[in-house]
Protein chains: 4
Amino acid sequence: MSSSIGRLFTVTTWGESHGPAVGVVVDGVPSGLRLDPALLQRDLDRRRPGQSSITTQRSEADQVEILSGLFEGVTTGTPICLLVRNTDAKSRDYDALKDVFRPGHADFTYAAKYGVRDHRGSGRASGRETLGRVAAGAIAKALLATRGVSIVAGTVAVADIEAARRDWDVAETNPVRCPDAEAAVRMIAAIEAARAESDSVGGIVEVVARGVPAGWGDPTMDKLDASLAAALLSIPAIKGVEIGSGFAATRLRGSQSNDAMGVDGFRSNHAGGILGGISTGQDVVARIAVKPASSIARAQDSVNVAGEAVTVKVEGRHDPCICPRVVPVAEAMAALALADAFLRQCALEGARPPSADEG
Amino acid sequence: MSSSIGRLFTVTTWGESHGPAVGVVVDGVPSGLRLDPALLQRDLDRRRPGQSSITTQRSEADQVEILSGLFEGVTTGTPICLLVRNTDAKSRDYDALKDVFRPGHADFTYAAKYGVRDHRGSGRASGRETLGRVAAGAIAKALLATRGVSIVAGTVAVADIEAARRDWDVAETNPVRCPDAEAAVRMIAAIEAARAESDSVGGIVEVVARGVPAGWGDPTMDKLDASLAAALLSIPAIKGVEIGSGFAATRLRGSQSNDAMGVDGFRSNHAGGILGGISTGQDVVARIAVKPASSIARAQDSVNVAGEAVTVKVEGRHDPCICPRVVPVAEAMAALALADAFLRQCALEGARPPSADEG
Amino acid sequence: MSSSIGRLFTVTTWGESHGPAVGVVVDGVPSGLRLDPALLQRDLDRRRPGQSSITTQRSEADQVEILSGLFEGVTTGTPICLLVRNTDAKSRDYDALKDVFRPGHADFTYAAKYGVRDHRGSGRASGRETLGRVAAGAIAKALLATRGVSIVAGTVAVADIEAARRDWDVAETNPVRCPDAEAAVRMIAAIEAARAESDSVGGIVEVVARGVPAGWGDPTMDKLDASLAAALLSIPAIKGVEIGSGFAATRLRGSQSNDAMGVDGFRSNHAGGILGGISTGQDVVARIAVKPASSIARAQDSVNVAGEAVTVKVEGRHDPCICPRVVPVAEAMAALALADAFLRQCALEGARPPSADEG
Amino acid sequence: MSSSIGRLFTVTTWGESHGPAVGVVVDGVPSGLRLDPALLQRDLDRRRPGQSSITTQRSEADQVEILSGLFEGVTTGTPICLLVRNTDAKSRDYDALKDVFRPGHADFTYAAKYGVRDHRGSGRASGRETLGRVAAGAIAKALLATRGVSIVAGTVAVADIEAARRDWDVAETNPVRCPDAEAAVRMIAAIEAARAESDSVGGIVEVVARGVPAGWGDPTMDKLDASLAAALLSIPAIKGVEIGSGFAATRLRGSQSNDAMGVDGFRSNHAGGILGGISTGQDVVARIAVKPASSIARAQDSVNVAGEAVTVKVEGRHDPCICPRVVPVAEAMAALALADAFLRQCALEGARPPSADEG
């Protein structure tokens with residue numbers, strides 16, 4: 001079950017970068033949900049390589065095929081298998097790296113763990129695995145939308161450039177997916193500068209869920225923030241996650257970070273919409289730290305499988321900054337965590353004794 | 001299973017702050033592990049209230065009782081139930097807060113989720129729930145120690161004061177548990193200053209696991225960092241987690257953040273000991289953002305269960321900074337995540353076909 | 001998690017026969033359920049040793065203590081820990097058996113699996129472990145009762161004596177818990193005869209859940225019958241389970257075993273209330289095969305831990321037929337399986353898009 | 001996760017009878033296992049429709065495609081997705097049954113549970129779903145074979161005809177897969193007789209695992225027999241399961257059913273290779289009750305979705321006795337349960353403190 005997430009809304013991805021296909025099985029989707037394949041494809045297209053000048057030029061159509069779980073466009077409650085064929089895998093590109101551990105990559109750790117590994121295009125550790133996550137996330141989003149919950153995400157920092165605004169409508173209009181149009185221009189310049197030097201940059205992606213009612217999340221071990229963190233940190237290249245004011249909250253006083261309440265509700269949202277692991281009814285806000293892309297066309301010291309010193313240069317088609325492509329994945333993973341919390345809260349509320357409210 | 005964590009090394013805490021007792025069931029502990037009750041008690045004492053001038057003065061002996069799973073001091077492979085009686089619960093103190101939602105607390109969200117709640121001392125959302133975590137963590141640490149894995153933690157920031165050193169031997173010698181003796185003095189002053197103003201401060205706790213071999217952690221959804229993050233973020237009052245260079249990595253170039261390798265191993269540890277969700281063999285390093293304690297004896301705006309505006313002042317015995325007491329909890333949660341990853345790796349390695357290594 | 005059952009209504013038993021206590025943690029109980037401790041005690045008393053002439057004379061008060069999860073008599077949605085102290089454990093009785101594998105017991109397999117074992121009173125493999133099951137089952141029954149679901153069980157066969165009737169009201173009025181008063185007399189005689197010969201007898205226990213609505217159970221792997229079977233077969237000494245007509249159905253024609261439907265519903269119940277792993281709305285009916293008690297005061301051939309041939313006679317206080325005491329355990333396990341299916345169906349129904357029924 | 005089974009060796013089937021494809025994801029297969037696709041295909045061919053005169057004449061090639069998890073013929077430790085296209089689905093045949101609940105089928109319960117359903121060819125409740133089970137089981141068998149564990153199954157009863165022998169080599173040589181060649185002839189005659197009368201018959205399938213070492217299975221809730229029972233009862237049309245002497249044991253005395261031990265091991269196997277939920281090292285033996293096939297071309301009373309009385313005759317291509325095709329599925333499900341138990345025992349043994357055996 002290492003490749004599965006979610007207790008009731010359960011998502012299992014499968015597939016390697018250079019195998020025949022990648023995909024996902026989504027189990028636990030309630031019956032009766034009308035699913036528009038175009039919605040799935042739309043998010044896959046947002047994740048797709050080659051969509052802009054600052055992403056990898058690998059060319060994949062990423063056409064999703066729905067293999068099960070739908071009947072006449074509506075979910076039946078049975079598992080939904082989604083499949084996308086790999087068509088532009090250039091495995092030859094990786095022959096030179098067959099016996100080498102690329103710095104910052106999972107080559108070494110997969111070898112240490114499994115003994116064998118599919119070295120082509122990072123195999124299972126490839127960003128291509130996230131395709132299944134995005135497809136599953138699109139289903140979760142459609143489910144959440146039936147309850148008025150929507151999820152947006154965007155790049156709010158690249159290197160040391162921070163977005164000063166959260167104009168979410170703007171995010172999808174620039175290639176870096178930044179909700180601050182002005183900052184986006186500088187971010188793109190920073191990315192291009194890194195690429196020109198055969199290098200890469202990192203950044204921060206923020207994801208916001210709006211319309212989440214109070215009450216979702218399961219203390220004490222499956223808290224909403226814990227589930228969100230696990231979902232988001234399972235995305236490749238993520239090195240941190242924070243909720244609400246996050247690390248900045250550590251420099252506040254309690255009198256500042258406590259969100260006061262009035263008759264109209266909370267007056268601030270340092271908590272990021274979660275208290276005690278349960279949603280408060282405010283926006284759920286999370287940010288993730290995206291490390292600079294590991295694949296750089298620059299000489300780096302490493303070793304090979306025999307333990308000998310080598311110099312590695314990762315040629316090929318790579319993203320100089322993966323933030324723009326992490327954005328739809330972060331939305332998807334947040335959606336998965338929320339969909340699971342939603343189903344669990346439905347179980348609790350539905351099973352509560354009818355007389356419970358009388359007391 | 002909301003109160004359980006871990007797939008093979010499974011820990012379930014139970015108990016409320018002002019109920020008869022709190023405790024934990026630890027299932028999946030391998031047989032044959034000699035367990036010294038003094039080790040459990042030692043960590044419980046580190047978490048105990050009233051241990052120093054900067055912690056709450058609630059007075060609990062926190063004597064742990066081992067109810068099952070041991071025979072002649074050795075684990076039998078069956079579930080271990082540990083119990084600690086609550087003796088100094090002063091439920092009366094909470095009568096005034098019965099119908100009020102304390103800012104920054106889980107009062108509102110528990111009410112929204114469950115309809116009913118045990119308001120006394122935060123009930124299940126109390127820091128007292130972490131007692132079971134610490135007891136379970138002590139067992140996990142003992143198991144990990146049989147493989148040379150050790151875990152340390154300490155307070156590395158309070159408010160805006162940062163530790164400049166990681167003298168782990170020093171951490172337990174000052175009440176703030178800071179691995180920098182000089183910074184500790186200033187941290188304590190900052191905590192006392194906040195308390196003098198009926199306020200509280202936050203901080204950052206770092207946890208380091210040493211001796212973890214390469215290969216632990218299960219991609220793609222149960223990555224070691226994802227599991228660690230979920231474990232750590234399930235601790236009350238935590239608002240963020242980062243691995244290795246974490247958020248700081250977002251400002252590096254790939255050529256900097258990629259940890260180069262030489263014949264003697266990695267030359268840096270920006271990755272925090274985890275690549276692709278699998279341990280690298282270096283120190284596993286995580287930091288968590290601890291928000292300022294929510295309970296402050298200062299007037300704050302809030303509402304009551306009827307939705308009316310009220311002013312709340314949380315009197316009583318509270319921690320002005322919970323970092324020192326989070327330290328043993330963070331160690332425990334890291335130990336639980338690692339113990340689970342360890343057992344899973346044992347399954348993989350043990351089940352690998354005998355001939356696999358020949359290829 | 002080996003000691004846990006249920007995905008949403010999760011029950012974890014702990015404790016050994018001759019340890020300090022046995023108990024259970026029940027997680028996932030919806031909030032707002034009024035729990036009468038007398039109901040729990042009533043079922044524990046039905047399972048208790050020494051309740052009649054045909055059960056073991058070990059004398060345990062089996063007073064249950066509720067340690068968490070209740071506030072003013074109502075569940076709060078947090079885990080419920082229940083504890084019963086062991087008081088009449090006579091560990092000395094087992095000294096002679098310390099190094100011996102009793103035939104029909106789990107002595108040999110526990111030693112093979114764990115390397116170490118608590119030999120006193122079968123340790124964890126003791127029937128005493130079922131105490132936690134019964135306590136948890138009483139909570140599940142109380143939850144199910146809020147939806148009109150009730151569960152009864154009884155001994156329907158002992159050795160070759162079969163009950164010809166299902167007068168469930170009669171079952172609790174005779175010591176063998178048989179729903180056929182006339183057969184009960186003969187069953188008791190058979191049990192006494194076996195005991196007189198230092199031997200034991202087996203039998204069949206039937207459990208019936210009434211009022212289960214159509215729709216519970218989760219294909220394809222967590223089918224209601226599969227869950228029920230796992231729950232029932234996890235009871236010590238059970239060697240088989242059948243649903244509805246069970247093994248007898250293998251001798252019917254399809255035209256006979258198919259339950260025809262009319263406008264008033266099903267006309268027969270060969271299916272035992274389950275089709276395709278989902279409840280039909282009819283009575284859910286299961287029967288379990290209870291092997292003759294393994295502990296007999298008769299010389300049997302076996303080996304000791306050194307592999308040497310020995311003769312074993314299990315003296316002490318044992319049940320010559322465990323069926324009467326299996327009855328409340330079977331009810332409990334069926335209740336656990338149903339409660340879990342109930343919660344899961346609540347999740348499905350609650351999460352179904354509001355517009356789904358319009359289509 | 002309703003469609004998943006196994007905690008470490010986790011199998012998730014997906015797909016409907018008349019959808020584009022059926023398949024399975026197998027997660028948790030250890031790396032380094034050489035997998036011969038011909039082995040998978042061999043078991044799929046044994047399950048395939050149209051293989052003999054007494055099975056349905058639906059014609060499916062059932063060619064399996066391996067989409068992930070293998071590299072150069074060896075497992076990599078990542079999830080294995082297997083896919084088989086549906087090619088001979090004649091959905092038109094089912095138009096007449098669109099609004100009708102076929103007796104003995106899951107039509108009614110799926111409608112009650114999910115509100116919507118894919119009526120074509122039973123949708124998800126079709127025997128076709130077992131294809132994924134068989135494919136996954138073939139992988140589990142290959143894994144178990146590396147430890148000398150092998151699994152055989154056969155039809156040991158059809159209607160009232162019982163096999164008197166267990167010549168497992170003979171089972172695959174007759175179309176009913178009976179390990180008693182003489183009985184097979186009579187079984188086939190019984191099946192043909194039923195079909196001639198537009199009716200069907202049931203039977204009993206026995207599955208035997210040889211070479212299972214002592215120590216597999218996890219008390220108290222994931223006992224090997226409980227896991228086996230859940231796995232086997234999740235197969236469509238199964239109404240009962242028994243281990244070892246099973247229901248017959250209820251008529252024995254304890255002195256008979258206790259398997260005595262000598263220096264050469266157990267002298268009998270009433271326990272069916274399992275004591276206390278843990279394997280004994282003897283053959284693990286289970287039998288399952290297969291009900292008569294529900295689809296019969298004979299007028300039966302039922303109702304339609306509007307609740308009106310109708311007469312149903314299930315025309316088309318159906319099996320008059322599904323036992324022969326259940327055989328490979330039963331082997332597969334037993335293999336899955338054992339593979340999971342195997343991995344868990346590897347975790348326990350691998351994690352046991354190195355010094356444990358010294359004590």
# chains A, B, ... in the order shown; residues from 1 in each chain; ligands from 1
call {"tool": "residues_around", "arguments": {"residues": "Asp167 in chain B", "least_positions_apart": "2", "cutoff": "8 Å", "atoms": "only C-alpha atoms", "output": "PyMOL selection string"}}
result
chain B and resi 165+169-171+179-180
call {"tool": "write_last_selection", "arguments": {"atoms": "C-alpha atoms", "output": "mmCIF file, in the first residue's frame"}}
result
data_model
loop_
_atom_site.group_PDB
_atom_site.id
_atom_site.type_symbol
_atom_site.label_atom_id
_atom_site.label_comp_id
_atom_site.auth_asym_id
_atom_site.auth_seq_id
_atom_site.Cartn_x
_atom_site.Cartn_y
_atom_site.Cartn_z
ATOM 1 C CA ARG B 165 24.982 25.512 17.661
ATOM 2 C CA ASP B 169 24.675 17.019 24.904
ATOM 3 C CA VAL B 170 23.854 20.469 26.175
ATOM 4 C CA ALA B 171 20.190 20.353 25.264
ATOM 5 C CA PRO B 179 21.492 22.722 22.078
ATOM 6 C CA ASP B 180 23.147 26.128 22.371
#
call {"tool": "residues_around", "arguments": {"residues": "Cys178 in chain D", "least_positions_apart": "6", "cutoff": "12 Å", "atoms": "only C-alpha atoms", "output": "ChimeraX atom specification"}}
result
/D:152-158,161-172,184-188,203-207,323-327
call {"tool": "select_by_dssp", "arguments": {"residues": "range 151-258 of chain B", "states": "helix (DSSP H, G or I)", "output": "number ranges by chain"}}
result
B: 168-171, 181-196, 224-233, 246-251, 254-257
call {"tool": "closest_residue", "arguments": {"among": "C:Pro292, C:Gly273, C:Pro20, C:Gly215", "to": "Ser245 in chain C", "atoms": "only C-alpha atoms"}}
result
C:Gly273
call {"tool": "residues_around", "arguments": {"residues": "Asp225 in chain D", "least_positions_apart": "5", "cutoff": "12 Å", "atoms": "only C-alpha atoms", "output": "PyMOL selection string"}}
result
(chain C and resi 229-241) or (chain D and resi 216-220+230-233+241-244+246+271-280+284-287+334+337-338+341)
call {"tool": "write_last_selection", "arguments": {"atoms": "N, CA and C atoms", "output": "short mmCIF file (atom, residue, chain, number, x, y, z; two decimals), in the first residue's frame"}}
result
data_model
loop_
_atom_site.label_atom_id
_atom_site.label_comp_id
_atom_site.auth_asym_id
_atom_site.auth_seq_id
_atom_site.Cartn_x
_atom_site.Cartn_y
_atom_site.Cartn_z
N ALA C 229 -16.94 -13.02 8.13
CA ALA C 229 -16.18 -14.26 8.26
C ALA C 229 -14.86 -14.01 8.96
N ALA C 230 -14.18 -12.93 8.58
CA ALA C 230 -12.91 -12.63 9.22
C ALA C 230 -13.12 -12.34 10.69
N ALA C 231 -14.17 -11.59 10.99
CA ALA C 231 -14.44 -11.24 12.39
C ALA C 231 -14.72 -12.50 13.20
N LEU C 232 -15.53 -13.39 12.65
CA LEU C 232 -15.93 -14.58 13.39
C LEU C 232 -14.80 -15.60 13.49
N LEU C 233 -14.03 -15.72 12.42
CA LEU C 233 -12.93 -16.70 12.44
C LEU C 233 -11.75 -16.22 13.27
N SER C 234 -11.77 -14.96 13.67
CA SER C 234 -10.69 -14.49 14.54
C SER C 234 -10.96 -14.86 16.00
N ILE C 235 -12.15 -15.40 16.27
CA ILE C 235 -12.44 -15.90 17.61
C ILE C 235 -11.68 -17.21 17.82
N PRO C 236 -11.08 -17.39 18.99
CA PRO C 236 -10.36 -18.65 19.21
C PRO C 236 -11.27 -19.87 19.03
N ALA C 237 -10.72 -20.93 18.47
CA ALA C 237 -11.38 -22.25 18.37
C ALA C 237 -12.40 -22.36 17.26
N ILE C 238 -12.50 -21.35 16.41
CA ILE C 238 -13.47 -21.42 15.30
C ILE C 238 -12.78 -22.00 14.07
N LYS C 239 -13.41 -22.99 13.44
CA LYS C 239 -12.80 -23.65 12.29
C LYS C 239 -13.61 -23.50 11.01
N GLY C 240 -14.71 -22.76 11.04
CA GLY C 240 -15.47 -22.58 9.82
C GLY C 240 -16.58 -21.57 10.01
N VAL C 241 -17.03 -21.02 8.91
CA VAL C 241 -18.14 -20.07 8.96
C VAL C 241 -18.97 -20.27 7.70
N TRP D 216 3.44 -18.23 10.34
CA TRP D 216 2.76 -17.19 9.55
C TRP D 216 1.36 -16.94 10.11
N GLY D 217 0.93 -15.68 10.05
CA GLY D 217 -0.40 -15.32 10.52
C GLY D 217 -0.27 -14.43 11.75
N ASP D 218 -1.19 -13.47 11.90
CA ASP D 218 -1.02 -12.46 12.94
C ASP D 218 -2.20 -12.37 13.89
N PRO D 219 -2.09 -13.02 15.03
CA PRO D 219 -3.12 -12.87 16.04
C PRO D 219 -3.14 -11.41 16.52
N THR D 220 -4.30 -10.97 17.05
CA THR D 220 -5.47 -11.79 17.24
C THR D 220 -6.53 -11.51 16.18
N ALA D 230 -11.54 -14.36 4.78
CA ALA D 230 -11.97 -13.11 4.15
C ALA D 230 -11.61 -13.12 2.67
N ALA D 231 -10.41 -13.59 2.37
CA ALA D 231 -9.97 -13.64 0.98
C ALA D 231 -10.87 -14.56 0.16
N LEU D 232 -11.17 -15.70 0.71
CA LEU D 232 -11.94 -16.69 -0.05
C LEU D 232 -13.41 -16.29 -0.14
N LEU D 233 -13.95 -15.72 0.92
CA LEU D 233 -15.36 -15.33 0.90
C LEU D 233 -15.60 -14.07 0.08
N VAL D 241 -16.78 -21.14 4.40
CA VAL D 241 -15.38 -21.55 4.35
C VAL D 241 -15.10 -22.37 5.60
N GLU D 242 -14.28 -23.38 5.46
CA GLU D 242 -13.87 -24.11 6.65
C GLU D 242 -12.39 -24.46 6.55
N ILE D 243 -11.77 -24.57 7.71
CA ILE D 243 -10.33 -24.82 7.80
C ILE D 243 -10.15 -26.20 8.41
N GLY D 244 -9.29 -27.01 7.81
CA GLY D 244 -9.02 -28.34 8.35
C GLY D 244 -10.29 -29.16 8.41
N GLY D 246 -12.91 -28.45 9.92
CA GLY D 246 -14.03 -27.53 9.78
C GLY D 246 -15.27 -27.93 10.54
N ALA D 271 -6.47 -29.52 12.41
CA ALA D 271 -6.38 -28.06 12.51
C ALA D 271 -6.25 -27.39 11.15
N GLY D 272 -5.99 -28.20 10.11
CA GLY D 272 -5.82 -27.58 8.80
C GLY D 272 -4.61 -26.67 8.74
N GLY D 273 -3.61 -27.02 9.53
CA GLY D 273 -2.35 -26.28 9.44
C GLY D 273 -2.33 -24.94 10.14
N ILE D 274 -3.33 -24.69 10.98
CA ILE D 274 -3.39 -23.39 11.66
C ILE D 274 -3.84 -23.58 13.11
N LEU D 275 -3.07 -23.08 14.05
CA LEU D 275 -3.43 -23.10 15.47
C LEU D 275 -3.25 -21.70 16.04
N GLY D 276 -4.28 -21.18 16.66
CA GLY D 276 -4.17 -19.84 17.23
C GLY D 276 -3.99 -18.77 16.17
N GLY D 277 -4.37 -19.11 14.93
CA GLY D 277 -4.26 -18.14 13.86
C GLY D 277 -2.90 -18.10 13.20
N ILE D 278 -2.04 -19.06 13.58
CA ILE D 278 -0.67 -19.11 13.09
C ILE D 278 -0.43 -20.45 12.44
N SER D 279 0.31 -20.46 11.34
CA SER D 279 0.56 -21.71 10.63
C SER D 279 1.40 -22.64 11.49
N THR D 280 1.13 -23.95 11.35
CA THR D 280 1.81 -24.96 12.16
C THR D 280 2.99 -25.60 11.44
N VAL D 284 -1.74 -26.19 4.88
CA VAL D 284 -2.87 -25.32 5.18
C VAL D 284 -4.02 -25.73 4.26
N VAL D 285 -5.14 -26.13 4.87
CA VAL D 285 -6.23 -26.70 4.09
C VAL D 285 -7.52 -25.92 4.34
N ALA D 286 -8.13 -25.44 3.26
CA ALA D 286 -9.41 -24.74 3.37
C ALA D 286 -10.38 -25.26 2.31
N ARG D 287 -11.64 -25.24 2.65
CA ARG D 287 -12.69 -25.62 1.69
C ARG D 287 -13.73 -24.51 1.64
N ALA D 334 -6.00 -17.55 -1.89
CA ALA D 334 -5.18 -18.16 -0.83
C ALA D 334 -3.75 -17.65 -0.93
N ALA D 337 -3.49 -14.14 0.53
CA ALA D 337 -3.50 -14.13 2.00
C ALA D 337 -2.16 -14.61 2.55
N LEU D 338 -1.63 -15.63 1.92
CA LEU D 338 -0.36 -16.18 2.40
C LEU D 338 0.81 -15.22 2.12
N ALA D 341 0.78 -12.62 4.74
CA ALA D 341 1.26 -13.17 6.01
C ALA D 341 2.78 -13.38 5.97
#
call {"tool": "closest_residue", "arguments": {"among": "C:Val263, C:Val314, C:Leu131, C:Val305", "to": "Pro49 in chain C", "atoms": "only C-alpha atoms"}}
result
C:Leu131
call {"tool": "closest_residue", "arguments": {"among": "C:Ser122, C:Gln63, C:Thr78, C:Thr311", "to": "chain B", "atoms": "only C-alpha atoms"}}
result
C:Thr78
call {"tool": "interface_residues", "arguments": {"of": "chain B", "to": "chain D", "cutoff": "10 Å", "atoms": "only C-alpha atoms", "output": "ChimeraX atom specification"}}
result
/B:7-8,28-34,74-75,77-79,142-147,218-220,339-340,342-359
call {"tool": "write_last_selection", "arguments": {"atoms": "C-alpha atoms", "output": "PDB file, in the first residue's frame"}}
result
ATOM      1  CA  ARG B   7       1.038   0.462   9.553  1.00  0.00           C
ATOM      2  CA  LEU B   8       3.196  -2.187  11.211  1.00  0.00           C
ATOM      3  CA  GLY B  28       3.566  -4.545  16.240  1.00  0.00           C
ATOM      4  CA  VAL B  29       6.546  -4.378  18.557  1.00  0.00           C
ATOM      5  CA  PRO B  30       8.755  -7.318  17.590  1.00  0.00           C
ATOM      6  CA  SER B  31       9.162 -10.001  20.186  1.00  0.00           C
ATOM      7  CA  GLY B  32      12.384 -10.374  22.082  1.00  0.00           C
ATOM      8  CA  LEU B  33      12.975  -6.721  22.869  1.00  0.00           C
ATOM      9  CA  ARG B  34      14.130  -6.166  26.430  1.00  0.00           C
ATOM     10  CA  VAL B  74      10.874  -8.853  27.308  1.00  0.00           C
ATOM     11  CA  THR B  75       8.301  -8.047  24.616  1.00  0.00           C
ATOM     12  CA  GLY B  77       5.093  -9.536  20.101  1.00  0.00           C
ATOM     13  CA  THR B  78       1.626  -8.848  21.482  1.00  0.00           C
ATOM     14  CA  PRO B  79       0.150  -5.365  22.022  1.00  0.00           C
ATOM     15  CA  ALA B 142      14.496   1.072  22.254  1.00  0.00           C
ATOM     16  CA  LEU B 143      13.756  -0.930  19.127  1.00  0.00           C
ATOM     17  CA  LEU B 144      15.688   1.452  16.904  1.00  0.00           C
ATOM     18  CA  ALA B 145      18.603   1.424  19.318  1.00  0.00           C
ATOM     19  CA  THR B 146      19.071  -2.288  18.619  1.00  0.00           C
ATOM     20  CA  ARG B 147      20.079  -1.195  15.104  1.00  0.00           C
ATOM     21  CA  ASP B 218       8.161   3.746   1.098  1.00  0.00           C
ATOM     22  CA  PRO B 219       7.521   5.637  -2.105  1.00  0.00           C
ATOM     23  CA  THR B 220       5.414   6.997  -3.433  1.00  0.00           C
ATOM     24  CA  ALA B 339      10.136   2.292  13.542  1.00  0.00           C
ATOM     25  CA  ASP B 340       7.332   1.774  11.069  1.00  0.00           C
ATOM     26  CA  PHE B 342      12.158  -0.006   9.696  1.00  0.00           C
ATOM     27  CA  LEU B 343       9.623  -2.817   9.995  1.00  0.00           C
ATOM     28  CA  ARG B 344       8.487  -2.287   6.441  1.00  0.00           C
ATOM     29  CA  GLN B 345      12.016  -2.386   5.146  1.00  0.00           C
ATOM     30  CA  CYS B 346      12.547  -5.607   7.097  1.00  0.00           C
ATOM     31  CA  ALA B 347       9.552  -7.058   5.268  1.00  0.00           C
ATOM     32  CA  LEU B 348      10.928  -6.029   1.901  1.00  0.00           C
ATOM     33  CA  GLU B 349      14.423  -7.302   2.574  1.00  0.00           C
ATOM     34  CA  GLY B 350      13.262 -10.483   4.225  1.00  0.00           C
ATOM     35  CA  ALA B 351      10.912 -11.344   1.399  1.00  0.00           C
ATOM     36  CA  ARG B 352      13.270 -10.551  -1.416  1.00  0.00           C
ATOM     37  CA  PRO B 353      13.987 -13.719  -3.365  1.00  0.00           C
ATOM     38  CA  PRO B 354      17.225 -15.290  -2.148  1.00  0.00           C
ATOM     39  CA  SER B 355      18.587 -15.214  -5.653  1.00  0.00           C
ATOM     40  CA  ALA B 356      17.805 -11.554  -6.237  1.00  0.00           C
ATOM     41  CA  ASP B 357      21.246 -10.352  -5.392  1.00  0.00           C
ATOM     42  CA  GLU B 358      22.887 -12.623  -7.890  1.00  0.00           C
ATOM     43  CA  GLY B 359      21.487 -10.685 -10.829  1.00  0.00           C
TER      44      GLY B 359
END
call {"tool": "select_by_dssp", "arguments": {"residues": "range 257-322 of chain B", "states": "strand (DSSP E or B)", "output": "ChimeraX atom specification"}}
result
/B:261-262,265-266,274-275,278-279,284-290,300-304,309-312
call {"tool": "residues_around", "arguments": {"residues": "Ile151 in chain B", "least_positions_apart": "2", "cutoff": "7 Å", "atoms": "only C-alpha atoms", "output": "mmCIF file with N, CA and C atoms, in the first residue's frame"}}
result
data_model
loop_
_atom_site.group_PDB
_atom_site.id
_atom_site.type_symbol
_atom_site.label_atom_id
_atom_site.label_comp_id
_atom_site.auth_asym_id
_atom_site.auth_seq_id
_atom_site.Cartn_x
_atom_site.Cartn_y
_atom_site.Cartn_z
ATOM 1 N N VAL B 149 20.298 3.117 15.761
ATOM 2 C CA VAL B 149 19.640 4.383 15.431
ATOM 3 C C VAL B 149 19.306 5.118 16.724
ATOM 4 N N ALA B 153 16.530 15.614 20.027
ATOM 5 C CA ALA B 153 15.776 16.794 19.618
ATOM 6 C C ALA B 153 16.066 17.913 20.584
ATOM 7 N N VAL B 208 16.662 15.074 15.151
ATOM 8 C CA VAL B 208 17.685 14.454 14.312
ATOM 9 C C VAL B 208 17.755 12.964 14.627
ATOM 10 N N ALA B 209 17.673 12.166 13.591
ATOM 11 C CA ALA B 209 17.832 10.712 13.769
ATOM 12 C C ALA B 209 19.173 10.308 13.175
ATOM 13 N N ARG B 210 20.007 9.748 13.996
ATOM 14 C CA ARG B 210 21.342 9.346 13.563
ATOM 15 C C ARG B 210 21.422 7.835 13.436
ATOM 16 N N GLU B 331 10.676 13.814 19.465
ATOM 17 C CA GLU B 331 11.533 12.614 19.404
ATOM 18 C C GLU B 331 10.685 11.361 19.262
#
call {"tool": "residues_around", "arguments": {"residues": "Asp36 in chain A", "least_positions_apart": "3", "cutoff": "12 Å", "atoms": "only C-alpha atoms", "output": "number ranges by chain"}}
result
A: 33, 39-43, 66, 70, 72-75, 135, 138-139, 141-143
call {"tool": "write_last_selection", "arguments": {"atoms": "C-alpha atoms", "output": "CSV table (one decimal), in the first residue's frame"}}
result
chain,number,residue,atom,x,y,z
A,33,LEU,CA,-21.0,11.9,-9.4
A,39,LEU,CA,-12.1,18.3,-16.5
A,40,LEU,CA,-9.6,15.6,-15.9
A,41,GLN,CA,-7.9,16.4,-19.2
A,42,ARG,CA,-7.8,20.1,-18.3
A,43,ASP,CA,-5.8,19.4,-15.2
A,66,ILE,CA,-11.1,6.0,-18.3
A,70,LEU,CA,-18.1,5.2,-14.9
A,72,GLU,CA,-23.0,6.8,-18.8
A,73,GLY,CA,-20.8,9.6,-17.5
A,74,VAL,CA,-21.7,9.0,-13.9
A,75,THR,CA,-19.6,7.3,-11.2
A,135,ALA,CA,-6.1,12.8,-12.6
A,138,ALA,CA,-9.5,16.2,-10.6
A,139,ILE,CA,-12.1,13.6,-9.5
A,141,LYS,CA,-12.1,18.3,-6.9
A,142,ALA,CA,-15.3,17.4,-8.7
A,143,LEU,CA,-16.6,15.7,-5.6
